[in-house]
Amino acid sequence: MQTVLTIAGFDPSSGAGVTADLMVFAAHGLFGVSCITALTVQSTLGVKGTVPVSAEIVHDTLDCLQSDLPLAGIKIGMLATAENVAMVADFLEMLRDVGRRAPVVLDPVVRASSGRELLEAEGVAVMRRRLLPLVDWVTPNMNELGVLTGHVIGRREDLPDAARLLQAMGSELHVVVTGGELATPDDLLLPVGGEIVCLTGEKIVSTSTHGTGCAFSSALLSRVVLGDDPREAASRAKTYVSEAIRTATPIGHGVGPVNHLWPLGDD
């Protein structure tokens, strides 16, 4: 049983954040542990408020976990503050210094789908400067790609150049731009040293789409830990999310969660 870590916020409705990530890991046969970076007040109706966890608690949690458990992979989601971004960067640098390399996937959460800001401008700047050079994968949606690159992303044609700009902010950085906002939800994969690949998708009409970004990045990490190559990992993660939407049972009065545990059900 391989252990993977999620560093992210807590969603009490379990559609996104650490509780969703842990379900994704379990669905892939991995054991998940977590470091909570922020508490949120939210439901299927949206995010009502956030309270960041202090950088000191984040540091102590990460130190406690890594000193006890061998980490086969790390997923990073909502970090909430510039101090937490810097603390996670310190943690990744420490792991490198002691030779504990594991694949790291960054889901650059900067804004909720309802529009609420989840990472201030200073935090985005620290993410660009310190965190992106330390991760192996980054999985922005179109809005997050625009925030990170400083470019307006309004059309499918804008994606390739912006993805290359983002990749240049890392050292060996695979980029997947998720295309859920597009009429046809194709994802764009830009692997290290490779050509751009279009991962075709289909529009699934559903009210159960809360947490798709979290689910994709966690599924991607799971596939990488399980040994998939970049294209296979991204493709399988996309399939996982599509089926999680397709098999979800609507709950709540707003945008409900996807079915994170669908691989564990009956055929």
# chains A, B, ... in the order shown; residues from 1 in each chain; ligands from 1
>>> select_by_dssp(residues="region 9-145 of chain A", states="strand (DSSP E or B)", output="NGL selection string")
:A and (9-10 or 31-43 or 46-52 or 71-76 or 104-106 or 111 or 117 or 137-138 or 141)
>>> write_last_selection(atoms="N, CA and C atoms", output="mmCIF file, in the first residue's frame")
data_model
loop_
_atom_site.group_PDB
_atom_site.id
_atom_site.type_symbol
_atom_site.label_atom_id
_atom_site.label_comp_id
_atom_site.auth_asym_id
_atom_site.auth_seq_id
_atom_site.Cartn_x
_atom_site.Cartn_y
_atom_site.Cartn_z
ATOM 1 N N GLY A 9 -7.223 22.524 1.182
ATOM 2 C CA GLY A 9 -8.224 23.017 2.106
ATOM 3 C C GLY A 9 -9.255 21.956 2.460
ATOM 4 N N PHE A 10 -10.066 22.260 3.468
ATOM 5 C CA PHE A 10 -11.118 21.352 3.924
ATOM 6 C C PHE A 10 -12.474 21.866 3.463
ATOM 7 N N PHE A 31 -3.174 4.780 -0.170
ATOM 8 C CA PHE A 31 -3.516 5.251 1.165
ATOM 9 C C PHE A 31 -3.207 6.738 1.242
ATOM 10 N N GLY A 32 -4.215 7.536 1.543
ATOM 11 C CA GLY A 32 -4.045 8.974 1.558
ATOM 12 C C GLY A 32 -3.916 9.556 2.943
ATOM 13 N N VAL A 33 -3.000 10.514 3.089
ATOM 14 C CA VAL A 33 -2.872 11.316 4.312
ATOM 15 C C VAL A 33 -2.994 12.779 3.892
ATOM 16 N N SER A 34 -3.246 13.671 4.864
ATOM 17 C CA SER A 34 -3.571 15.038 4.475
ATOM 18 C C SER A 34 -3.011 16.073 5.427
ATOM 19 N N CYS A 35 -2.746 17.239 4.858
ATOM 20 C CA CYS A 35 -2.386 18.444 5.608
ATOM 21 C C CYS A 35 -3.374 19.522 5.203
ATOM 22 N N ILE A 36 -4.179 19.984 6.148
ATOM 23 C CA ILE A 36 -5.202 20.984 5.859
ATOM 24 C C ILE A 36 -4.602 22.382 5.943
ATOM 25 N N THR A 37 -4.808 23.168 4.880
ATOM 26 C CA THR A 37 -4.259 24.520 4.798
ATOM 27 C C THR A 37 -5.289 25.607 5.094
ATOM 28 N N ALA A 38 -6.568 25.254 5.037
ATOM 29 C CA ALA A 38 -7.620 26.243 5.286
ATOM 30 C C ALA A 38 -8.916 25.516 5.606
ATOM 31 N N LEU A 39 -9.699 26.111 6.477
ATOM 32 C CA LEU A 39 -11.065 25.661 6.708
ATOM 33 C C LEU A 39 -11.981 26.528 5.845
ATOM 34 N N THR A 40 -12.978 25.904 5.247
ATOM 35 C CA THR A 40 -13.937 26.675 4.459
ATOM 36 C C THR A 40 -15.348 26.420 4.984
ATOM 37 N N VAL A 41 -16.195 27.384 4.758
ATOM 38 C CA VAL A 41 -17.631 27.230 5.017
ATOM 39 C C VAL A 41 -18.278 27.158 3.644
ATOM 40 N N GLN A 42 -18.716 25.980 3.257
ATOM 41 C CA GLN A 42 -19.297 25.824 1.928
ATOM 42 C C GLN A 42 -20.208 24.617 1.862
ATOM 43 N N SER A 43 -21.005 24.611 0.826
ATOM 44 C CA SER A 43 -21.906 23.498 0.530
ATOM 45 C C SER A 43 -22.011 23.422 -0.985
ATOM 46 N N GLY A 46 -22.069 26.846 -2.775
ATOM 47 C CA GLY A 46 -20.927 27.734 -2.942
ATOM 48 C C GLY A 46 -20.150 27.950 -1.662
ATOM 49 N N VAL A 47 -19.054 28.702 -1.788
ATOM 50 C CA VAL A 47 -18.173 29.005 -0.657
ATOM 51 C C VAL A 47 -18.679 30.256 0.047
ATOM 52 N N LYS A 48 -18.936 30.146 1.366
ATOM 53 C CA LYS A 48 -19.439 31.268 2.154
ATOM 54 C C LYS A 48 -18.326 31.967 2.923
ATOM 55 N N GLY A 49 -17.234 31.259 3.214
ATOM 56 C CA GLY A 49 -16.146 31.867 3.966
ATOM 57 C C GLY A 49 -14.959 30.932 4.055
ATOM 58 N N THR A 50 -13.787 31.500 4.352
ATOM 59 C CA THR A 50 -12.569 30.708 4.511
ATOM 60 C C THR A 50 -11.774 31.219 5.704
ATOM 61 N N VAL A 51 -11.103 30.303 6.392
ATOM 62 C CA VAL A 51 -10.209 30.649 7.489
ATOM 63 C C VAL A 51 -8.897 29.897 7.267
ATOM 64 N N PRO A 52 -7.809 30.593 6.944
ATOM 65 C CA PRO A 52 -6.543 29.902 6.701
ATOM 66 C C PRO A 52 -5.996 29.257 7.966
ATOM 67 N N LEU A 71 6.439 8.900 1.583
ATOM 68 C CA LEU A 71 5.472 9.497 0.671
ATOM 69 C C LEU A 71 5.803 9.109 -0.761
ATOM 70 N N ALA A 72 4.864 8.438 -1.422
ATOM 71 C CA ALA A 72 5.054 8.035 -2.818
ATOM 72 C C ALA A 72 4.628 9.117 -3.785
ATOM 73 N N GLY A 73 3.918 10.137 -3.310
ATOM 74 C CA GLY A 73 3.470 11.220 -4.169
ATOM 75 C C GLY A 73 2.809 12.307 -3.337
ATOM 76 N N ILE A 74 2.774 13.524 -3.894
ATOM 77 C CA ILE A 74 2.209 14.676 -3.192
ATOM 78 C C ILE A 74 1.318 15.459 -4.144
ATOM 79 N N LYS A 75 0.102 15.742 -3.703
ATOM 80 C CA LYS A 75 -0.817 16.611 -4.449
ATOM 81 C C LYS A 75 -0.994 17.897 -3.644
ATOM 82 N N ILE A 76 -0.903 19.033 -4.314
ATOM 83 C CA ILE A 76 -1.061 20.330 -3.666
ATOM 84 C C ILE A 76 -2.274 21.021 -4.268
ATOM 85 N N VAL A 104 5.184 15.347 -7.652
ATOM 86 C CA VAL A 104 4.351 16.393 -7.052
ATOM 87 C C VAL A 104 3.446 16.985 -8.120
ATOM 88 N N VAL A 105 2.144 16.998 -7.850
ATOM 89 C CA VAL A 105 1.146 17.588 -8.744
ATOM 90 C C VAL A 105 0.551 18.806 -8.052
ATOM 91 N N LEU A 106 0.605 19.954 -8.726
ATOM 92 C CA LEU A 106 0.033 21.196 -8.205
ATOM 93 C C LEU A 106 -1.254 21.535 -8.940
ATOM 94 N N ARG A 111 -9.148 30.630 -7.209
ATOM 95 C CA ARG A 111 -10.493 31.193 -7.125
ATOM 96 C C ARG A 111 -11.516 30.069 -7.173
ATOM 97 N N GLU A 117 -12.265 34.677 -4.198
ATOM 98 C CA GLU A 117 -10.808 34.544 -4.255
ATOM 99 C C GLU A 117 -10.322 33.624 -3.146
ATOM 100 N N TRP A 137 4.157 18.499 -12.007
ATOM 101 C CA TRP A 137 2.942 18.676 -12.805
ATOM 102 C C TRP A 137 2.187 19.899 -12.295
ATOM 103 N N VAL A 138 1.526 20.608 -13.213
ATOM 104 C CA VAL A 138 0.593 21.660 -12.828
ATOM 105 C C VAL A 138 -0.651 21.511 -13.689
ATOM 106 N N ASN A 141 -7.029 25.240 -14.739
ATOM 107 C CA ASN A 141 -8.091 25.437 -15.722
ATOM 108 C C ASN A 141 -7.756 26.713 -16.495
#
>>> select_by_dssp(residues="region 58-194 of chain A", states="alpha helix (DSSP H)", output="VMD selection string")
chain A and resid 58 to 68 82 to 97 121 to 126 142 to 149 159 to 167
>>> write_last_selection(atoms="C-alpha atoms", output="PDB file, in the first residue's frame")
ATOM      1  CA  VAL A  58       1.148  23.478   8.132  1.00  0.00           C
ATOM      2  CA  HIS A  59       4.882  23.097   8.819  1.00  0.00           C
ATOM      3  CA  ASP A  60       4.343  20.922  11.896  1.00  0.00           C
ATOM      4  CA  THR A  61       1.798  18.712  10.106  1.00  0.00           C
ATOM      5  CA  LEU A  62       4.064  18.138   7.107  1.00  0.00           C
ATOM      6  CA  ASP A  63       7.082  17.473   9.321  1.00  0.00           C
ATOM      7  CA  CYS A  64       5.098  15.019  11.456  1.00  0.00           C
ATOM      8  CA  LEU A  65       3.799  13.090   8.456  1.00  0.00           C
ATOM      9  CA  GLN A  66       7.040  12.881   6.471  1.00  0.00           C
ATOM     10  CA  SER A  67       9.054  11.746   9.509  1.00  0.00           C
ATOM     11  CA  ASP A  68       6.748   8.735   9.929  1.00  0.00           C
ATOM     12  CA  ALA A  82       1.429  33.438   0.631  1.00  0.00           C
ATOM     13  CA  GLU A  83       2.920  32.152   3.887  1.00  0.00           C
ATOM     14  CA  ASN A  84       1.498  28.687   3.268  1.00  0.00           C
ATOM     15  CA  VAL A  85       2.771  28.702  -0.327  1.00  0.00           C
ATOM     16  CA  ALA A  86       6.252  29.535   0.954  1.00  0.00           C
ATOM     17  CA  MET A  87       6.029  26.901   3.693  1.00  0.00           C
ATOM     18  CA  VAL A  88       5.091  24.170   1.201  1.00  0.00           C
ATOM     19  CA  ALA A  89       7.981  25.267  -1.023  1.00  0.00           C
ATOM     20  CA  ASP A  90      10.299  24.960   1.998  1.00  0.00           C
ATOM     21  CA  PHE A  91       8.944  21.458   2.590  1.00  0.00           C
ATOM     22  CA  LEU A  92       9.560  20.351  -0.997  1.00  0.00           C
ATOM     23  CA  GLU A  93      13.081  21.809  -0.909  1.00  0.00           C
ATOM     24  CA  MET A  94      13.784  19.893   2.300  1.00  0.00           C
ATOM     25  CA  LEU A  95      12.614  16.634   0.727  1.00  0.00           C
ATOM     26  CA  ARG A  96      14.926  17.216  -2.236  1.00  0.00           C
ATOM     27  CA  ASP A  97      17.859  18.053   0.029  1.00  0.00           C
ATOM     28  CA  ALA A 121      -2.017  38.179  -5.436  1.00  0.00           C
ATOM     29  CA  GLU A 122       1.052  37.878  -3.193  1.00  0.00           C
ATOM     30  CA  GLY A 123       0.410  34.144  -2.880  1.00  0.00           C
ATOM     31  CA  VAL A 124       0.197  33.793  -6.666  1.00  0.00           C
ATOM     32  CA  ALA A 125       3.536  35.612  -6.991  1.00  0.00           C
ATOM     33  CA  VAL A 126       5.181  33.249  -4.494  1.00  0.00           C
ATOM     34  CA  MET A 142      -8.293  28.276 -18.249  1.00  0.00           C
ATOM     35  CA  ASN A 143      -8.883  30.947 -15.594  1.00  0.00           C
ATOM     36  CA  GLU A 144      -5.990  29.732 -13.457  1.00  0.00           C
ATOM     37  CA  LEU A 145      -3.736  29.579 -16.513  1.00  0.00           C
ATOM     38  CA  GLY A 146      -4.525  33.227 -17.168  1.00  0.00           C
ATOM     39  CA  VAL A 147      -3.788  34.239 -13.573  1.00  0.00           C
ATOM     40  CA  LEU A 148      -0.462  32.392 -13.478  1.00  0.00           C
ATOM     41  CA  THR A 149       0.772  33.663 -16.843  1.00  0.00           C
ATOM     42  CA  LEU A 159      -3.963  27.789 -24.753  1.00  0.00           C
ATOM     43  CA  PRO A 160      -0.777  26.465 -26.437  1.00  0.00           C
ATOM     44  CA  ASP A 161       1.307  29.644 -26.060  1.00  0.00           C
ATOM     45  CA  ALA A 162       0.093  30.196 -22.501  1.00  0.00           C
ATOM     46  CA  ALA A 163       0.882  26.581 -21.601  1.00  0.00           C
ATOM     47  CA  ARG A 164       4.431  27.030 -22.909  1.00  0.00           C
ATOM     48  CA  LEU A 165       4.827  30.204 -20.835  1.00  0.00           C
ATOM     49  CA  LEU A 166       3.683  28.323 -17.751  1.00  0.00           C
ATOM     50  CA  GLN A 167       5.979  25.376 -18.452  1.00  0.00           C
TER      51      GLN A 167
END
>>> closest_residue(among="A:Val205, A:Leu189, A:Val152, A:Val135", to="Glu172 (chain A)", atoms="only C-alpha atoms")
A:Val135
>>> closest_residue(among="A:Ser217, A:Thr19, A:Thr247, A:Thr184", to="Ala233 (chain A)", atoms="only C-alpha atoms")
A:Ser217
>>> decode(residues="region 197-209 of chain A", atoms="all heavy atoms", output="mmCIF file, in the first residue's frame")
data_model
loop_
_atom_site.group_PDB
_atom_site.id
_atom_site.type_symbol
_atom_site.label_atom_id
_atom_site.label_comp_id
_atom_site.auth_asym_id
_atom_site.auth_seq_id
_atom_site.Cartn_x
_atom_site.Cartn_y
_atom_site.Cartn_z
ATOM 1 N N VAL A 197 -0.425 17.714 -26.797
ATOM 2 C CA VAL A 197 -1.379 16.648 -27.088
ATOM 3 C C VAL A 197 -2.762 17.130 -26.671
ATOM 4 O O VAL A 197 -2.934 17.680 -25.582
ATOM 5 C CB VAL A 197 -1.026 15.350 -26.325
ATOM 6 C CG1 VAL A 197 -2.084 14.275 -26.569
ATOM 7 C CG2 VAL A 197 0.357 14.852 -26.714
ATOM 8 N N CYS A 198 -3.752 16.918 -27.522
ATOM 9 C CA CYS A 198 -5.137 17.231 -27.186
ATOM 10 C C CYS A 198 -5.811 15.969 -26.658
ATOM 11 O O CYS A 198 -5.843 14.941 -27.340
ATOM 12 C CB CYS A 198 -5.884 17.757 -28.406
ATOM 13 S SG CYS A 198 -7.637 18.093 -28.093
ATOM 14 N N LEU A 199 -6.315 16.053 -25.447
ATOM 15 C CA LEU A 199 -7.060 14.938 -24.844
ATOM 16 C C LEU A 199 -8.541 15.244 -25.018
ATOM 17 O O LEU A 199 -9.098 16.091 -24.309
ATOM 18 C CB LEU A 199 -6.699 14.788 -23.366
ATOM 19 C CG LEU A 199 -5.217 14.590 -23.060
ATOM 20 C CD1 LEU A 199 -4.983 14.589 -21.544
ATOM 21 C CD2 LEU A 199 -4.697 13.302 -23.672
ATOM 22 N N THR A 200 -9.164 14.583 -25.962
ATOM 23 C CA THR A 200 -10.540 14.917 -26.312
ATOM 24 C C THR A 200 -11.514 14.507 -25.214
ATOM 25 O O THR A 200 -11.324 13.499 -24.531
ATOM 26 C CB THR A 200 -10.948 14.242 -27.633
ATOM 27 O OG1 THR A 200 -10.786 12.826 -27.503
ATOM 28 C CG2 THR A 200 -10.087 14.735 -28.774
ATOM 29 N N GLY A 201 -12.538 15.319 -25.054
ATOM 30 C CA GLY A 201 -13.560 15.035 -24.058
ATOM 31 C C GLY A 201 -14.946 15.169 -24.642
ATOM 32 O O GLY A 201 -15.120 15.541 -25.800
ATOM 33 N N GLU A 202 -15.929 14.854 -23.832
ATOM 34 C CA GLU A 202 -17.319 15.008 -24.241
ATOM 35 C C GLU A 202 -18.062 15.775 -23.163
ATOM 36 O O GLU A 202 -17.762 15.671 -21.982
ATOM 37 C CB GLU A 202 -17.989 13.646 -24.461
ATOM 38 C CG GLU A 202 -18.038 12.774 -23.215
ATOM 39 C CD GLU A 202 -18.859 11.515 -23.410
ATOM 40 O OE1 GLU A 202 -19.988 11.632 -23.924
ATOM 41 O OE2 GLU A 202 -18.370 10.437 -23.041
ATOM 42 N N LYS A 203 -19.013 16.590 -23.600
ATOM 43 C CA LYS A 203 -19.798 17.376 -22.663
ATOM 44 C C LYS A 203 -20.840 16.475 -22.001
ATOM 45 O O LYS A 203 -21.661 15.858 -22.684
ATOM 46 C CB LYS A 203 -20.497 18.523 -23.391
ATOM 47 C CG LYS A 203 -20.899 19.670 -22.472
ATOM 48 C CD LYS A 203 -19.677 20.450 -22.029
ATOM 49 C CE LYS A 203 -20.030 21.707 -21.266
ATOM 50 N NZ LYS A 203 -18.837 22.476 -20.837
ATOM 51 N N ILE A 204 -20.777 16.363 -20.689
ATOM 52 C CA ILE A 204 -21.742 15.569 -19.942
ATOM 53 C C ILE A 204 -22.657 16.535 -19.195
ATOM 54 O O ILE A 204 -22.185 17.302 -18.345
ATOM 55 C CB ILE A 204 -21.035 14.621 -18.955
ATOM 56 C CG1 ILE A 204 -20.058 13.707 -19.699
ATOM 57 C CG2 ILE A 204 -22.060 13.800 -18.172
ATOM 58 C CD1 ILE A 204 -19.151 12.909 -18.780
ATOM 59 N N VAL A 205 -23.910 16.524 -19.515
ATOM 60 C CA VAL A 205 -24.863 17.426 -18.864
ATOM 61 C C VAL A 205 -25.157 16.895 -17.469
ATOM 62 O O VAL A 205 -25.685 15.787 -17.306
ATOM 63 C CB VAL A 205 -26.160 17.549 -19.687
ATOM 64 C CG1 VAL A 205 -27.152 18.458 -18.975
ATOM 65 C CG2 VAL A 205 -25.847 18.080 -21.085
ATOM 66 N N SER A 206 -24.776 17.662 -16.455
ATOM 67 C CA SER A 206 -24.926 17.202 -15.082
ATOM 68 C C SER A 206 -24.857 18.391 -14.139
ATOM 69 O O SER A 206 -24.174 19.382 -14.418
ATOM 70 C CB SER A 206 -23.813 16.203 -14.731
ATOM 71 O OG SER A 206 -23.854 15.841 -13.367
ATOM 72 N N THR A 207 -25.543 18.280 -13.006
ATOM 73 C CA THR A 207 -25.404 19.268 -11.933
ATOM 74 C C THR A 207 -24.394 18.796 -10.897
ATOM 75 O O THR A 207 -24.182 19.450 -9.881
ATOM 76 C CB THR A 207 -26.757 19.516 -11.240
ATOM 77 O OG1 THR A 207 -27.249 18.279 -10.706
ATOM 78 C CG2 THR A 207 -27.774 20.091 -12.213
ATOM 79 N N SER A 208 -23.736 17.667 -11.155
ATOM 80 C CA SER A 208 -22.782 17.093 -10.206
ATOM 81 C C SER A 208 -21.358 17.257 -10.744
ATOM 82 O O SER A 208 -20.739 16.311 -11.227
ATOM 83 C CB SER A 208 -23.095 15.606 -9.980
ATOM 84 O OG SER A 208 -24.403 15.440 -9.485
ATOM 85 N N THR A 209 -20.850 18.478 -10.645
ATOM 86 C CA THR A 209 -19.519 18.773 -11.173
ATOM 87 C C THR A 209 -18.624 19.476 -10.154
ATOM 88 O O THR A 209 -17.543 19.936 -10.494
ATOM 89 C CB THR A 209 -19.616 19.655 -12.429
ATOM 90 O OG1 THR A 209 -20.334 20.857 -12.115
ATOM 91 C CG2 THR A 209 -20.334 18.919 -13.559
#
